[in-house]
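See structure below.
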Amino acid sequence: MRRSAAQKGGNTMQRSNRLIAGLLAAGVVLMAVPVSAADLPEGLTDLEGKLVVIHTNDTHGRDLEGVYTTAAVAQLKQDLTAAGADVLLLSAGDASQGTPLVNLSMGSTAIDFMNLAGYDAMATGNHEFDWGLDNLKGLAQNADFPILAANLTYTESGELVFDDSIVFTTDSGLKVGVFGLATPETATKAHPDKVKGVSFAAGQELYDVAQQQVDKLNAEGCDYIIALSHLGDSAESAPNRSVDLLDHVTGIDLMVDGHSHTTLPEGDTSHGDTLRVSTGEYLNNIGVVVYDAASDTETARLLSSTTEGDQTVLDYTGSDPDVLAAIEAVNAEVEQELGKVFAKTEVLLNGERDPGVRTEETNLGNFAADAILWSARQALGEDKVDLALTNGGGIRASIPVGDISMKTMKTVFPFGNEVATVTVTGAELLEALEAATFCTPTAVGAFPQVSGVQFTIDTTVPYENGEMYPNSTYYAPAKPGSRIKNVTVNGQPLDLNAEYVVATNDFTAAGGDTYGAFLDKPVYKTGVALEDALVQYTSTVLNGVISEKDYGKPAGRITVNTAPVPTATPAPTASPTAAPTAAPTAVPTAAPTAAPTAQPAPSDPQITLPATGDVQQPVVVCAALLLFGVGAVVIRKRIHD
């Protein structure tokens with residue numbers, strides 16, 4: 001792919017060649033063993049003159065751990081090019097964070113791997129901000145491809161932070177315009193300190209930005225327009241979802257979507273004349289869209305996998321050996337640094353998204369919250385911290401039965417957050433719990449995993465919006481206590497006027513996600529990383545063994561009711577009272593025994609390809625669009641406006 005001088009990335013293979021040269025100097029043997037086009041799946045072998053878009057999203061550092069690898073993506077691009085296609089390789093974001101493989105370099109190695117694979121453009125994911133804007137700008141400088149965000153501007157000047165779009169041209173003269181969109185939820189899903197000074201267009205402003213991009217690219221003569229969006233379709237993200245945008249914007253031919261980890265095997269064509277595609281997560285699938293300009297048709301599919309007995313059979317088996325060797329070399333260094341086993345677990349600790357840490361209490365959520373509470377009490381004193389909570393969206397992986405290393409803990413808590421405390425009233429705590437479960441039983445990243453507190457969520461009561469939290473996309477509850485009931489702290493009823501010290505992470509303590517009730521409250525940062533809290537708690541309190549007795553099941557801390565709960569909201573005392581004089585119960589050396597409750601099962605640069613209305617937030621958002629399946633294909637005729 002030839003790039004003009006206007007393209008920020010410079011020589012496409014410059015950094016890739018530097019990485020390979022470094023590996024060779026270190027003694028890593030790289031042997032090119034190309035895979036033939038005959039290994040391509042049926043329907044992807046005769047592509048002369050056609051445009052093929054390979055797409056990934058939400059890979060989160062699984063460059064080596066997924067069903068597929070980044071080396072497979074790299075080889076696929078080469079094979080499709082050899083089959084005669086003009087190929088674009090696009091990422092819908094959240095690639096530079098997620099596992100120690102990329103986290104230890106603050107995303108730099110993820111960009112190196114993407115450079116090696118030959119990515120052509122990437123949307124800005126919210127997790128690209130996890131190490132701050134300056135770090136992200138550095139990643140963009142080191143990328144051989146543009147990182148796009150048309151709706152991200154500097155607050156004071158209004159200027160774009162990154163490129164908004166880019167145009168590719170095939171040898172046949174087909175002009176392909178690609179523009180990027182970042183989720184406005186970044187303002188609340190990234191630590192507030194990491195997004196200072198920038199603004200994300202949201203709601204109608206987001207739709208207007210997208211329409212302006214389409215109109216601009218059309219004016220530049222583009223024949224095919226792609227929205228590279230990190231918006232997703234989760235109910236909690238309304239009105240800033242990809243589906244909301246497509247209901248208000250015309251002229252987008254293809255939307256490559258991310259953020260919600262949605263799998264769309266056949267694509268989604270239910271919103272206007274746009275084909276929306278998404279691969280799920282973690283390189284479990286690779287997306288392929290074929291556009292035939294001659295017949296004006298699209299074909300969308302996922303390269304996936306099936307299980308036959310104890311074998312996983314892949315739709316595509318190619319793998320670039322040089323790229324694989326480069327990733328494995330970095331992984332070997334990570335394993336050496338973090339792979340030492342220090343503990344074991346007798347039970348699977350559930351960190352899955354849905355059902356899981358974003359919908360209900362889980363044993364991993366309990367373990368994490370217990371560790372955070374214990375760590376905060378070590379820093380401040382046993383009687384100085386009342387309870388703990390951590391947002392389920394911050395828990396990024398389950399822990400399987402067996403050995404545990406530091407790498408394991410860094411995969412569970414990969415964001416570099418630390419244990420912190422925030423001091424709030426009982427009323428503010430109730431508000432925080434109500435806001436964090438506004439969409440339950442639909443998954444929401446704010447869902448609290450807790451220690452030292454018990455409560456019931458009455459999902460039959462609609463969540464009623466109050467005022468929108470400052471610099472947020474979330475609303476405070478109009479009536480705290482409508483859905484959250486039967487709250488007790490260390491066995492005592494919640495006192496709305498008393499003060500409570502809550503152990504949490506520095507993200508929620510600063511009012512991140514839905515935790516606007518914590519904004520501007522007294523915060524103390526302990527300096528202990530979340531993953532270190534897990535390590536220290538496991539080693540010191542649990543003696544290196546997470547047992548079936550301690551964490552075999554959830555402990556009944558959170559009850560999610562789908563039938564009405566006829567319980568009144570806790571009443572305030574006559575006058576403000578101090579925090580309870582009785583010391584809060586310490587985290588036991590053995591975690592609380594599970595209660596016998598039922599457990600339901602986070603100006604465009606030009607590039608030439610070589611040959612070969614206002615939207616109101618709904619009062620209740622409790623319906624999620626879940627689309628699953630594998631291996632299907634959709635063919636559709638384009639209708640240009």
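Residues in the structure tokens are named by chain (A, B, ... in the order shown) and by number from 1 within that chain; ligands are numbered from 1 in the order shown.
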
Using only C-alpha atoms, determine which residues lie at most 7 Å from region 479-483 of chain A, disregarding the query and same-chain residues fewer than 5 positions distant; provide the list as a list of chain:residue names.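 Once the nearby chain positions are removed, what remains is A:Leu430, A:Glu431, A:Glu434, A:Ile457, A:Asp458, A:Thr459, A:Val461, A:Glu464, A:Thr569.
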
Residue subset to file, keeping C-alpha atoms, as an mmCIF file, in the first residue's frame:
data_model
loop_
_atom_site.group_PDB
_atom_site.id
_atom_site.type_symbol
_atom_site.label_atom_id
_atom_site.label_comp_id
_atom_site.auth_asym_id
_atom_site.auth_seq_id
_atom_site.Cartn_x
_atom_site.Cartn_y
_atom_site.Cartn_z
ATOM 1 C CA LEU A 430 -27.409 4.788 48.079
ATOM 2 C CA GLU A 431 -27.401 7.132 45.074
ATOM 3 C CA GLU A 434 -28.836 3.093 42.351
ATOM 4 C CA ILE A 457 -31.924 -4.692 43.311
ATOM 5 C CA ASP A 458 -35.611 -4.522 42.392
ATOM 6 C CA THR A 459 -35.527 -4.625 38.604
ATOM 7 C CA VAL A 461 -39.088 -0.657 39.302
ATOM 8 C CA GLU A 464 -36.092 7.356 36.654
ATOM 9 C CA THR A 569 -36.250 3.224 51.433
#

For Ala72 (chain A), list every protein, DNA or RNA residue within 6 Å, evaluated using only C-alpha atoms, and leave out those in the same chain fewer than 2 positions away; present the list as a PyMOL selection string. chain A and resi 69-70+74-75+318-319

Limited to C-alpha atoms, could you put the picked residues into a file as a short mmCIF file (atom, residue, chain, number, x, y, z; two decimals), in the first residue's frame?
data_model
loop_
_atom_site.label_atom_id
_atom_site.label_comp_id
_atom_site.auth_asym_id
_atom_site.auth_seq_id
_atom_site.Cartn_x
_atom_site.Cartn_y
_atom_site.Cartn_z
CA THR A 69 -3.64 -14.25 16.40
CA THR A 70 -2.40 -11.01 14.91
CA ALA A 74 -1.28 -10.43 8.85
CA GLN A 75 -1.16 -13.56 6.70
CA GLY A 318 -2.72 -19.10 7.83
CA SER A 319 -0.15 -17.40 10.07
#

Give me, as a tab-separated table, each residue of region 184-217 of chain A that comes within 12 Å of region 391-404 of chain A, together with its shortest interatomic pair and the distance in Å at one decimal, counting only C-alpha atoms, with rows ordered by chain and rising residue number.
residue	atom	partner	partner_atom	distance
A:Lys189	CA	A:Gly393	CA	9.0
A:Ala190	CA	A:Gly394	CA	10.5
A:His191	CA	A:Gly394	CA	11.4

Spatial neighbours of Asp58 (chain A), max dist 8 Å, only C-alpha atoms, sep filter under 3 positions, as a ChimeraX atom specification: /A:92-95,258-259,261,280-283

Go ahead and write the selection's residues with C-alpha atoms as a CSV table (one decimal), in the first residue's frame.
chain,number,residue,atom,x,y,z
A,92,ALA,CA,-12.5,-0.5,15.5
A,93,GLY,CA,-10.4,0.2,18.6
A,94,ASP,CA,-9.5,-1.1,22.1
A,95,ALA,CA,-6.4,-2.8,20.8
A,258,GLY,CA,-16.6,-2.0,18.3
A,259,HIS,CA,-17.0,-1.2,22.0
A,261,HIS,CA,-18.0,-6.7,22.0
A,280,GLY,CA,-17.1,-9.9,19.0
A,281,GLU,CA,-13.8,-9.7,21.0
A,282,TYR,CA,-10.3,-11.0,21.6
A,283,LEU,CA,-9.6,-12.2,18.0

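Closest approach to Glu361 (chain A) among A:Leu76, A:Leu160, A:Ile558, A:Ala187 is made by A:Ile558 (distances from only C-alpha atoms).
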
Extract the full set of helix (DSSP H, G or I) residues from region 182-273 of chain A according to DSSP on the backbone, and format it as a PyMOL selection string. chain A and resi 186-189+192-195+203-219+235-237+242-246

Take the selection from the previous step and output its residues with C-alpha atoms, as a PDB file, in the first residue's frame.
ATOM      1  CA  THR A 186     -14.814   7.674  27.120  1.00  0.00           C
ATOM      2  CA  ALA A 187     -15.475  10.780  29.219  1.00  0.00           C
ATOM      3  CA  THR A 188     -16.768   8.515  31.995  1.00  0.00           C
ATOM      4  CA  LYS A 189     -15.206   5.131  31.192  1.00  0.00           C
ATOM      5  CA  PRO A 192     -11.242  11.727  34.464  1.00  0.00           C
ATOM      6  CA  ASP A 193      -7.596  12.799  34.672  1.00  0.00           C
ATOM      7  CA  LYS A 194      -6.876  10.914  31.432  1.00  0.00           C
ATOM      8  CA  VAL A 195      -9.338  12.919  29.307  1.00  0.00           C
ATOM      9  CA  GLY A 203     -26.062  12.619  20.897  1.00  0.00           C
ATOM     10  CA  GLN A 204     -27.251  14.903  18.117  1.00  0.00           C
ATOM     11  CA  GLU A 205     -23.807  16.521  17.903  1.00  0.00           C
ATOM     12  CA  LEU A 206     -22.322  13.076  17.252  1.00  0.00           C
ATOM     13  CA  TYR A 207     -24.847  12.438  14.487  1.00  0.00           C
ATOM     14  CA  ASP A 208     -24.083  15.846  12.961  1.00  0.00           C
ATOM     15  CA  VAL A 209     -20.344  15.135  12.962  1.00  0.00           C
ATOM     16  CA  ALA A 210     -20.912  11.805  11.220  1.00  0.00           C
ATOM     17  CA  GLN A 211     -23.188  13.339   8.586  1.00  0.00           C
ATOM     18  CA  GLN A 212     -20.626  16.075   7.954  1.00  0.00           C
ATOM     19  CA  GLN A 213     -17.970  13.412   7.417  1.00  0.00           C
ATOM     20  CA  VAL A 214     -20.156  11.578   4.911  1.00  0.00           C
ATOM     21  CA  ASP A 215     -20.932  14.788   3.039  1.00  0.00           C
ATOM     22  CA  LYS A 216     -17.257  15.783   2.960  1.00  0.00           C
ATOM     23  CA  LEU A 217     -16.116  12.391   1.668  1.00  0.00           C
ATOM     24  CA  ASN A 218     -18.842  12.398  -0.965  1.00  0.00           C
ATOM     25  CA  ALA A 219     -17.684  15.854  -2.059  1.00  0.00           C
ATOM     26  CA  ALA A 235     -28.345  -0.541  25.894  1.00  0.00           C
ATOM     27  CA  GLU A 236     -26.331   1.354  28.501  1.00  0.00           C
ATOM     28  CA  SER A 237     -24.670   3.397  25.726  1.00  0.00           C
ATOM     29  CA  SER A 242     -23.869   2.819  16.494  1.00  0.00           C
ATOM     30  CA  VAL A 243     -27.515   1.897  15.907  1.00  0.00           C
ATOM     31  CA  ASP A 244     -28.677   5.293  17.195  1.00  0.00           C
ATOM     32  CA  LEU A 245     -26.280   7.031  14.841  1.00  0.00           C
ATOM     33  CA  LEU A 246     -27.345   4.975  11.821  1.00  0.00           C
TER      34      LEU A 246
END

Selected residue of minimal separation from Gln336 (chain A) among A:Ala201, A:Met406, A:Ile166, A:Leu496, counting only C-alpha atoms: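 The shortest atom-to-atom distance to Gln336 (chain A) comes from A:Met406.
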
Please identify all polymer residues within 7 Å of Leu101 (chain A), counting only C-alpha atoms, omitting same-chain residues fewer than 3 positions from it, and present them as a PyMOL selection string. chain A and resi 61+104+331+334

Can you measure CA of Lys344 (chain A) to CA of Gly356 (chain A) for me? One decimal in Å is fine. 21.5 Å

With only C-alpha atoms as the counted atoms, please give the residues lying no more than 7 Å from Lys175 (chain A), apart from itself and same-chain residues fewer than 4 positions off, as a PyMOL selection string. chain A and resi 167-170+221-224

Region 455-545 of chain A near region 408-428 of chain A within 7 Å: what's each residue's closest atom pair and its distance in Å to one decimal, counting only C-alpha atoms, ordered by chain then ascending residue number, as a tab-separated table?
residue	atom	partner	partner_atom	distance
A:Leu494	CA	A:Gly426	CA	6.3
A:Asp495	CA	A:Gly426	CA	5.5
A:Leu496	CA	A:Gly426	CA	3.9
A:Asn497	CA	A:Gly426	CA	5.6
A:Ala498	CA	A:Thr425	CA	5.5
A:Glu499	CA	A:Thr425	CA	4.4
A:Tyr500	CA	A:Val424	CA	5.5
A:Val501	CA	A:Thr423	CA	4.5
A:Val502	CA	A:Val422	CA	5.3
A:Ala503	CA	A:Thr421	CA	4.3
A:Thr504	CA	A:Ala420	CA	5.4
A:Asn505	CA	A:Val419	CA	4.7
A:Asp506	CA	A:Ala420	CA	5.2
A:Phe507	CA	A:Asn417	CA	6.9
A:Ala509	CA	A:Val422	CA	5.7
A:Ala517	CA	A:Glu428	CA	5.8
A:Lys521	CA	A:Thr423	CA	6.3
A:Pro522	CA	A:Thr423	CA	5.5
A:Val523	CA	A:Val422	CA	4.5
A:Tyr524	CA	A:Thr421	CA	5.2
A:Lys525	CA	A:Ala420	CA	4.3
A:Thr526	CA	A:Ala420	CA	5.6
A:Gly527	CA	A:Glu418	CA	5.9
A:Val528	CA	A:Glu418	CA	5.3
A:Ala529	CA	A:Glu418	CA	4.0
A:Leu530	CA	A:Glu418	CA	5.0
A:Glu531	CA	A:Met409	CA	5.2
A:Leu534	CA	A:Met409	CA	6.9

Writer output for current selection, N, CA and C atoms, as an mmCIF file, in the first residue's frame:
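Saved the output as part_14.cif:
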data_model
loop_
_atom_site.group_PDB
_atom_site.id
_atom_site.type_symbol
_atom_site.label_atom_id
_atom_site.label_comp_id
_atom_site.auth_asym_id
_atom_site.auth_seq_id
_atom_site.Cartn_x
_atom_site.Cartn_y
_atom_site.Cartn_z
ATOM 1 N N LEU A 494 -28.457 0.708 56.579
ATOM 2 C CA LEU A 494 -27.814 1.912 56.068
ATOM 3 C C LEU A 494 -28.416 3.149 56.721
ATOM 4 N N ASP A 495 -27.566 4.023 57.233
ATOM 5 C CA ASP A 495 -27.987 5.301 57.815
ATOM 6 C C ASP A 495 -27.716 6.383 56.779
ATOM 7 N N LEU A 496 -28.757 6.994 56.265
ATOM 8 C CA LEU A 496 -28.602 7.953 55.172
ATOM 9 C C LEU A 496 -27.778 9.171 55.558
ATOM 10 N N ASN A 497 -27.737 9.524 56.831
ATOM 11 C CA ASN A 497 -27.018 10.719 57.265
ATOM 12 C C ASN A 497 -25.621 10.434 57.804
ATOM 13 N N ALA A 498 -25.310 9.180 58.053
ATOM 14 C CA ALA A 498 -23.989 8.837 58.575
ATOM 15 C C ALA A 498 -22.941 8.913 57.473
ATOM 16 N N GLU A 499 -21.687 9.062 57.875
ATOM 17 C CA GLU A 499 -20.589 9.036 56.917
ATOM 18 C C GLU A 499 -20.007 7.634 56.837
ATOM 19 N N TYR A 500 -19.670 7.225 55.640
ATOM 20 C CA TYR A 500 -19.058 5.922 55.401
ATOM 21 C C TYR A 500 -17.793 6.115 54.567
ATOM 22 N N VAL A 501 -16.759 5.386 54.936
ATOM 23 C CA VAL A 501 -15.528 5.375 54.145
ATOM 24 C C VAL A 501 -15.574 4.141 53.250
ATOM 25 N N VAL A 502 -15.567 4.383 51.950
ATOM 26 C CA VAL A 502 -15.720 3.320 50.955
ATOM 27 C C VAL A 502 -14.377 3.066 50.282
ATOM 28 N N ALA A 503 -13.896 1.839 50.363
ATOM 29 C CA ALA A 503 -12.705 1.453 49.610
ATOM 30 C C ALA A 503 -13.127 1.104 48.188
ATOM 31 N N THR A 504 -12.376 1.584 47.231
ATOM 32 C CA THR A 504 -12.710 1.346 45.828
ATOM 33 C C THR A 504 -11.431 1.503 45.012
ATOM 34 N N ASN A 505 -11.571 1.786 43.740
ATOM 35 C CA ASN A 505 -10.408 2.118 42.921
ATOM 36 C C ASN A 505 -10.423 3.610 42.615
ATOM 37 N N ASP A 506 -9.294 4.150 42.207
ATOM 38 C CA ASP A 506 -9.211 5.597 42.013
ATOM 39 C C ASP A 506 -10.079 6.087 40.859
ATOM 40 N N PHE A 507 -10.475 5.195 39.957
ATOM 41 C CA PHE A 507 -11.366 5.558 38.852
ATOM 42 C C PHE A 507 -12.768 5.872 39.362
ATOM 43 N N ALA A 509 -13.601 6.348 42.508
ATOM 44 C CA ALA A 509 -13.502 7.367 43.556
ATOM 45 C C ALA A 509 -13.529 8.770 42.970
ATOM 46 N N ALA A 517 -22.020 10.393 42.107
ATOM 47 C CA ALA A 517 -22.267 10.715 43.516
ATOM 48 C C ALA A 517 -20.966 10.873 44.292
ATOM 49 N N LYS A 521 -15.818 14.427 46.472
ATOM 50 C CA LYS A 521 -15.828 13.932 47.848
ATOM 51 C C LYS A 521 -14.387 13.665 48.299
ATOM 52 N N PRO A 522 -14.147 13.638 49.597
ATOM 53 C CA PRO A 522 -12.782 13.398 50.080
ATOM 54 C C PRO A 522 -12.255 12.038 49.624
ATOM 55 N N VAL A 523 -11.119 12.056 48.938
ATOM 56 C CA VAL A 523 -10.521 10.841 48.383
ATOM 57 C C VAL A 523 -9.113 10.670 48.939
ATOM 58 N N TYR A 524 -8.779 9.443 49.294
ATOM 59 C CA TYR A 524 -7.420 9.116 49.715
ATOM 60 C C TYR A 524 -6.904 7.987 48.822
ATOM 61 N N LYS A 525 -5.769 8.217 48.175
ATOM 62 C CA LYS A 525 -5.154 7.202 47.332
ATOM 63 C C LYS A 525 -4.068 6.485 48.121
ATOM 64 N N THR A 526 -4.162 5.165 48.184
ATOM 65 C CA THR A 526 -3.223 4.393 48.999
ATOM 66 C C THR A 526 -1.900 4.148 48.291
ATOM 67 N N GLY A 527 -1.883 4.263 46.963
ATOM 68 C CA GLY A 527 -0.678 3.954 46.212
ATOM 69 C C GLY A 527 -0.498 2.479 45.919
ATOM 70 N N VAL A 528 -1.429 1.642 46.363
ATOM 71 C CA VAL A 528 -1.354 0.196 46.124
ATOM 72 C C VAL A 528 -2.125 -0.137 44.851
ATOM 73 N N ALA A 529 -1.454 -0.706 43.864
ATOM 74 C CA ALA A 529 -2.120 -1.101 42.627
ATOM 75 C C ALA A 529 -3.147 -2.186 42.916
ATOM 76 N N LEU A 530 -4.234 -2.191 42.152
ATOM 77 C CA LEU A 530 -5.287 -3.184 42.380
ATOM 78 C C LEU A 530 -4.745 -4.600 42.283
ATOM 79 N N GLU A 531 -3.905 -4.857 41.270
ATOM 80 C CA GLU A 531 -3.380 -6.211 41.120
ATOM 81 C C GLU A 531 -2.482 -6.582 42.298
ATOM 82 N N LEU A 534 -4.634 -7.732 45.147
ATOM 83 C CA LEU A 534 -5.044 -9.129 44.980
ATOM 84 C C LEU A 534 -3.925 -10.074 45.409
#

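Using only C-alpha atoms for every distance, the candidate list A:Ala555, A:Val535, A:Val290, A:Leu373 yields A:Val290 as the residue closest to Gly84 (chain A).
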
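In this structure, CA of Thr269 (chain A) sits 20.0 Å away from CA of Val176 (chain A).
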
Just how far from CA of Asp257 (chain A) is CA of Ala143 (chain A), in Å to one decimal?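 Computed distance, CA of Ala143 (chain A) to CA of Asp257 (chain A), equals 20.5 Å.
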
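Distances here use only C-alpha atoms; by that measure, the residue among A:His230, A:Arg276, A:Lys553, A:His271 closest to Asp247 (chain A) is A:His271.
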
Let me make sure I understand: among A:Thr559, A:Asn57, A:Thr514, A:Thr440, which one has the smallest atom-to-atom distance to Thr390 (chain A) if we use only C-alpha atoms?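 Checking each of A:Thr559, A:Asn57, A:Thr514, A:Thr440 against Thr390 (chain A), counting only C-alpha atoms, the winner is A:Thr514.
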
Out of region 419-494 of chain A, which residues get strand (DSSP E) from DSSP, as a ChimeraX atom specification? /A:419-425,448-451,453-458,465-468,475-477,484-489,492-493

Save the residues we just selected, N, CA and C atoms, as a tab-separated table (two decimals), in the first residue's frame?
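Saved as result_34.tsv:
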chain	number	residue	atom	x	y	z
A	419	VAL	N	-5.81	1.25	44.71
A	419	VAL	CA	-6.81	1.25	45.78
A	419	VAL	C	-6.93	2.67	46.34
A	420	ALA	N	-8.16	3.12	46.48
A	420	ALA	CA	-8.42	4.46	47.03
A	420	ALA	C	-9.64	4.37	47.93
A	421	THR	N	-9.84	5.38	48.75
A	421	THR	CA	-11.06	5.47	49.55
A	421	THR	C	-11.75	6.79	49.25
A	422	VAL	N	-13.06	6.79	49.40
A	422	VAL	CA	-13.85	7.99	49.24
A	422	VAL	C	-14.84	8.04	50.40
A	423	THR	N	-15.01	9.21	50.99
A	423	THR	CA	-15.89	9.37	52.15
A	423	THR	C	-17.20	10.00	51.69
A	424	VAL	N	-18.30	9.29	51.94
A	424	VAL	CA	-19.61	9.75	51.48
A	424	VAL	C	-20.64	9.53	52.58
A	425	THR	N	-21.79	10.17	52.43
A	425	THR	CA	-22.90	9.91	53.34
A	425	THR	C	-23.63	8.65	52.89
A	448	PRO	N	-21.71	-2.81	40.68
A	448	PRO	CA	-20.78	-2.89	41.80
A	448	PRO	C	-20.57	-4.32	42.31
A	449	GLN	N	-19.34	-4.73	42.42
A	449	GLN	CA	-18.97	-5.92	43.16
A	449	GLN	C	-18.51	-5.43	44.54
A	450	VAL	N	-19.01	-6.04	45.61
A	450	VAL	CA	-18.93	-5.39	46.92
A	450	VAL	C	-18.41	-6.30	48.03
A	451	SER	N	-18.00	-5.65	49.11
A	451	SER	CA	-17.61	-6.32	50.34
A	451	SER	C	-18.06	-5.44	51.51
A	453	VAL	N	-21.12	-4.88	52.46
A	453	VAL	CA	-22.43	-4.29	52.23
A	453	VAL	C	-23.30	-5.32	51.52
A	454	GLN	N	-24.58	-5.32	51.86
A	454	GLN	CA	-25.56	-6.18	51.20
A	454	GLN	C	-26.74	-5.34	50.74
A	455	PHE	N	-27.35	-5.72	49.63
A	455	PHE	CA	-28.53	-4.99	49.15
A	455	PHE	C	-29.27	-5.83	48.12
A	456	THR	N	-30.48	-5.38	47.84
A	456	THR	CA	-31.33	-6.01	46.83
A	456	THR	C	-31.60	-5.03	45.71
A	457	ILE	N	-31.57	-5.51	44.48
A	457	ILE	CA	-31.92	-4.69	43.31
A	457	ILE	C	-33.30	-5.14	42.83
A	458	ASP	N	-34.26	-4.23	42.86
A	458	ASP	CA	-35.61	-4.52	42.39
A	458	ASP	C	-35.72	-4.07	40.94
A	465	ASN	N	-34.69	8.96	35.51
A	465	ASN	CA	-33.57	9.89	35.38
A	465	ASN	C	-33.79	11.17	36.18
A	466	GLY	N	-32.72	11.58	36.89
A	466	GLY	CA	-32.68	12.91	37.47
A	466	GLY	C	-31.83	13.80	36.58
A	467	GLU	N	-30.96	14.59	37.19
A	467	GLU	CA	-30.06	15.45	36.42
A	467	GLU	C	-28.88	14.63	35.88
A	468	MET	N	-28.37	15.03	34.71
A	468	MET	CA	-27.18	14.37	34.18
A	468	MET	C	-25.97	14.78	35.02
A	475	TYR	N	-27.10	9.67	33.97
A	475	TYR	CA	-28.01	10.47	34.78
A	475	TYR	C	-28.02	9.98	36.22
A	476	ALA	N	-28.08	10.92	37.14
A	476	ALA	CA	-28.31	10.58	38.55
A	476	ALA	C	-29.73	10.04	38.68
A	477	PRO	N	-29.98	9.20	39.68
A	477	PRO	CA	-31.34	8.73	39.89
A	477	PRO	C	-32.22	9.83	40.46
A	484	ILE	N	-32.81	0.11	44.68
A	484	ILE	CA	-31.88	-0.47	45.65
A	484	ILE	C	-32.55	-0.48	47.02
A	485	LYS	N	-32.71	-1.66	47.59
A	485	LYS	CA	-33.46	-1.81	48.84
A	485	LYS	C	-32.72	-2.74	49.79
A	486	ASN	N	-33.16	-2.71	51.06
A	486	ASN	CA	-32.63	-3.61	52.08
A	486	ASN	C	-31.11	-3.49	52.21
A	487	VAL	N	-30.61	-2.25	52.24
A	487	VAL	CA	-29.16	-2.04	52.30
A	487	VAL	C	-28.68	-2.16	53.74
A	488	THR	N	-27.68	-3.00	53.94
A	488	THR	CA	-27.02	-3.08	55.25
A	488	THR	C	-25.52	-2.95	55.05
A	489	VAL	N	-24.86	-2.32	56.02
A	489	VAL	CA	-23.41	-2.19	56.02
A	489	VAL	C	-22.88	-2.89	57.25
A	492	GLN	N	-25.61	-3.80	59.66
A	492	GLN	CA	-26.46	-2.75	60.21
A	492	GLN	C	-27.17	-2.00	59.08
A	493	PRO	N	-28.44	-1.60	59.30
A	493	PRO	CA	-29.16	-0.86	58.25
A	493	PRO	C	-28.41	0.40	57.85
